[in-house]
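Before any comments, here is the structure.
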Amino acid sequence: SGYSHVIITNQSGIGRNYYSELEFHKFNEQIFNYLAEREIYISDVFWCPHVPSPDGNPTCLCRKPGLELFTKAIHKYNGSHSDSVSIGDKLSDIEHASKLGIAGILLPSSSNFQI
């Protein structure tokens, strides 16, 4: 369809040593293979491995609700804010992207999905 499909995700489990960056990539590979079997292809993943502050606020610019990863993805794929869509299962996933002029789609909680 001419679009790049990019995942932007907080992964503080890496920063907390719950799992390694390698394990994160292996998990993504399994998901990408599952999706590819259904002709859905992911172009890239942008992730923040940093742990939030004790009150839950970001300690970096890349952690959502920060906009750095959205901006990097749009720049890397020569996209535009107006041609981008943010899909998430939390209002915060789409609220902050809207500050860049990115349209949002709110999905039901991921706990309702099965793969």
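Each chain of the structure tokens is named A, B, ... in the order shown, its residues numbered from 1; ligands are numbered from 1 in display order.
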
Closest-contact table, region 34-88 of chain A side, partner region 13-29 of chain A, 12 Å, counting only C-alpha atoms, as a Markdown table:
```
| residue | atom | partner | partner_atom | distance |
| --- | --- | --- | --- | --- |
| A:Tyr34 | CA | A:Glu29 | CA | 8.5 |
| A:Leu35 | CA | A:Glu29 | CA | 9.8 |
| A:Ala36 | CA | A:Glu29 | CA | 10.2 |
| A:Tyr41 | CA | A:Glu29 | CA | 11.3 |
| A:Ile42 | CA | A:Asn28 | CA | 9.8 |
| A:Ser43 | CA | A:Asn28 | CA | 11.7 |
| A:Asp44 | CA | A:Asn28 | CA | 10.1 |
| A:Val45 | CA | A:Asn28 | CA | 8.6 |
| A:Phe46 | CA | A:His25 | CA | 11.3 |
| A:Trp47 | CA | A:Phe24 | CA | 9.9 |
| A:Cys48 | CA | A:Ile14 | CA | 8.8 |
| A:Pro49 | CA | A:Gly15 | CA | 5.3 |
| A:His50 | CA | A:Gly15 | CA | 5.2 |
| A:Val51 | CA | A:Gly15 | CA | 5.6 |
| A:Pro52 | CA | A:Gly15 | CA | 9.4 |
| A:Ser53 | CA | A:Gly15 | CA | 11.9 |
| A:Thr59 | CA | A:Gly15 | CA | 11.7 |
| A:Arg63 | CA | A:Gly15 | CA | 11.8 |
```

Selection above as a file: C-alpha atoms, as a compact mmCIF listing (two decimals), in the first residue's frame:
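part-v2.txt written:
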```
# COMPACT_ATOMS: atom_id res chain seq x y z
CA TYR A 34 3.41 -14.43 12.41
CA LEU A 35 2.30 -11.19 10.76
CA ALA A 36 4.21 -11.90 7.52
CA TYR A 41 4.97 -6.50 7.15
CA ILE A 42 6.64 -4.37 9.81
CA SER A 43 9.29 -2.00 8.46
CA ASP A 44 10.98 -1.14 11.74
CA VAL A 45 10.75 -0.95 15.52
CA PHE A 46 11.77 2.09 17.53
CA TRP A 47 12.02 1.39 21.23
CA CYS A 48 12.91 3.08 24.45
CA PRO A 49 14.70 0.82 26.94
CA HIS A 50 14.82 3.42 29.72
CA VAL A 51 13.16 3.05 33.09
CA PRO A 52 10.73 5.82 34.07
CA SER A 53 11.18 7.79 37.27
CA THR A 59 13.69 10.11 32.30
CA ARG A 63 10.17 7.32 26.19
```

Next item on the list: Skip Tyr77 (chain A) itself and residues of its chain fewer than 3 positions away, then list as a ChimeraX atom specification all residues within 10 Å of it, counting only C-alpha atoms.
Entry: /A:3-6,43-44,72-74,80

Selection export as a PDB file, in the first residue's frame, atoms kept: C-alpha atoms:
```pdb
ATOM      1  CA  TYR A   3       3.113   2.754   3.733  1.00  0.00           C
ATOM      2  CA  SER A   4       5.828   1.812   6.186  1.00  0.00           C
ATOM      3  CA  HIS A   5       4.544   0.028   9.255  1.00  0.00           C
ATOM      4  CA  VAL A   6       6.565   1.043  12.286  1.00  0.00           C
ATOM      5  CA  SER A  43       9.295  -1.998   8.461  1.00  0.00           C
ATOM      6  CA  ASP A  44      10.979  -1.136  11.743  1.00  0.00           C
ATOM      7  CA  LYS A  72      12.769   9.677  14.124  1.00  0.00           C
ATOM      8  CA  ALA A  73      10.456   7.184  12.430  1.00  0.00           C
ATOM      9  CA  ILE A  74       8.827   9.827  10.239  1.00  0.00           C
ATOM     10  CA  SER A  80       4.913  13.295   7.040  1.00  0.00           C
TER      11      SER A  80
END
```

Margin query: What parts of chain A does DSSP call strand (DSSP E or B)? I'd like the answer as a ChimeraX atom specification.
Written below: /A:6-10,44-48,85-88,103-106

Margin query: One decimal, in Å: what's the spacing between CA of Ile31 (chain A) and CA of Gly2 (chain A)?
Written below: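 Rounded to one decimal, the two atoms are 21.3 Å apart.
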
Next item on the list: Grab the CA of Asn10 (chain A) to CA of Asn33 (chain A) distance for me, in Å with one decimal place.
Entry: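 One can read the CA of Asn10 (chain A) to CA of Asn33 (chain A) distance as 21.2 Å.
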
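Taking CA of Glu68 (chain A) and CA of Gln11 (chain A) as endpoints, the distance between them is 14.9 Å.
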
Note to self: Can you tell me which residues surround Ser98 (chain A) at a distance of at most 12 Å, considering only C-alpha atoms, apart from same-chain residues fewer than 6 positions away, and format the answer as a list in words?
What the structure shows: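 Once the nearby chain positions are removed, what remains is Pro65, Gly66, Leu67, Phe70, His81, Ser82, Ser84, Val85, Ser86, Ile87, Leu91, Ser92, Gly104 and Ile105 of chain A.
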
Next, dump the selected residues to file, keeping only N, CA and C atoms, as a PDB file, in the first residue's frame.
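The resulting file, selection32.pdb, is shown below:
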```pdb
ATOM      1  N   PRO A  65       5.457   9.320  26.840  1.00  0.00           N
ATOM      2  CA  PRO A  65       4.774  10.128  25.844  1.00  0.00           C
ATOM      3  C   PRO A  65       5.662  11.099  25.082  1.00  0.00           C
ATOM      4  N   GLY A  66       6.977  11.007  25.227  1.00  0.00           N
ATOM      5  CA  GLY A  66       7.865  11.844  24.426  1.00  0.00           C
ATOM      6  C   GLY A  66       7.654  11.575  22.951  1.00  0.00           C
ATOM      7  N   LEU A  67       8.052  12.500  22.138  1.00  0.00           N
ATOM      8  CA  LEU A  67       7.767  12.420  20.709  1.00  0.00           C
ATOM      9  C   LEU A  67       8.987  12.090  19.862  1.00  0.00           C
ATOM     10  N   PHE A  70       8.659   9.047  17.472  1.00  0.00           N
ATOM     11  CA  PHE A  70       7.741   9.337  16.365  1.00  0.00           C
ATOM     12  C   PHE A  70       8.458  10.167  15.303  1.00  0.00           C
ATOM     13  N   HIS A  81       3.867  14.025   9.048  1.00  0.00           N
ATOM     14  CA  HIS A  81       2.990  13.893  10.202  1.00  0.00           C
ATOM     15  C   HIS A  81       1.544  13.692   9.764  1.00  0.00           C
ATOM     16  N   SER A  82       1.136  14.436   8.742  1.00  0.00           N
ATOM     17  CA  SER A  82      -0.260  14.371   8.306  1.00  0.00           C
ATOM     18  C   SER A  82      -0.604  13.049   7.621  1.00  0.00           C
ATOM     19  N   SER A  84       0.638  10.134   8.699  1.00  0.00           N
ATOM     20  CA  SER A  84       0.938   9.095   9.670  1.00  0.00           C
ATOM     21  C   SER A  84      -0.275   8.821  10.548  1.00  0.00           C
ATOM     22  N   VAL A  85      -0.302   7.624  11.111  1.00  0.00           N
ATOM     23  CA  VAL A  85      -1.363   7.227  12.029  1.00  0.00           C
ATOM     24  C   VAL A  85      -0.720   6.531  13.212  1.00  0.00           C
ATOM     25  N   SER A  86      -1.162   6.871  14.400  1.00  0.00           N
ATOM     26  CA  SER A  86      -0.706   6.207  15.622  1.00  0.00           C
ATOM     27  C   SER A  86      -1.844   5.321  16.116  1.00  0.00           C
ATOM     28  N   ILE A  87      -1.545   4.039  16.307  1.00  0.00           N
ATOM     29  CA  ILE A  87      -2.539   3.087  16.788  1.00  0.00           C
ATOM     30  C   ILE A  87      -2.069   2.581  18.144  1.00  0.00           C
ATOM     31  N   LEU A  91      -5.054   5.607  25.644  1.00  0.00           N
ATOM     32  CA  LEU A  91      -5.283   6.954  25.144  1.00  0.00           C
ATOM     33  C   LEU A  91      -3.967   7.711  25.008  1.00  0.00           C
ATOM     34  N   SER A  92      -3.039   7.494  25.941  1.00  0.00           N
ATOM     35  CA  SER A  92      -1.750   8.196  25.883  1.00  0.00           C
ATOM     36  C   SER A  92      -0.950   7.813  24.636  1.00  0.00           C
ATOM     37  N   GLY A 104      -4.914   9.455  15.283  1.00  0.00           N
ATOM     38  CA  GLY A 104      -4.851   8.335  16.207  1.00  0.00           C
ATOM     39  C   GLY A 104      -6.040   7.406  16.104  1.00  0.00           C
ATOM     40  N   ILE A 105      -5.771   6.131  16.364  1.00  0.00           N
ATOM     41  CA  ILE A 105      -6.816   5.113  16.432  1.00  0.00           C
ATOM     42  C   ILE A 105      -6.634   4.395  17.760  1.00  0.00           C
TER      43      ILE A 105
END
```

Note to self: Using DSSP assignments from the backbone, pull out every residue in region 36-113 of chain A that falls under alpha helix (DSSP H) and give it to me as a list in words.
What the structure shows: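 The alpha helix (DSSP H) residues within region 36-113 of chain A come out as Ala36, Glu68, Leu69, Phe70, Thr71, Lys72, Ala73, Ile74, His75, Lys76, Leu91, Ser92, Asp93, Ile94, Glu95, His96, Ala97 and Ser98 of chain A.
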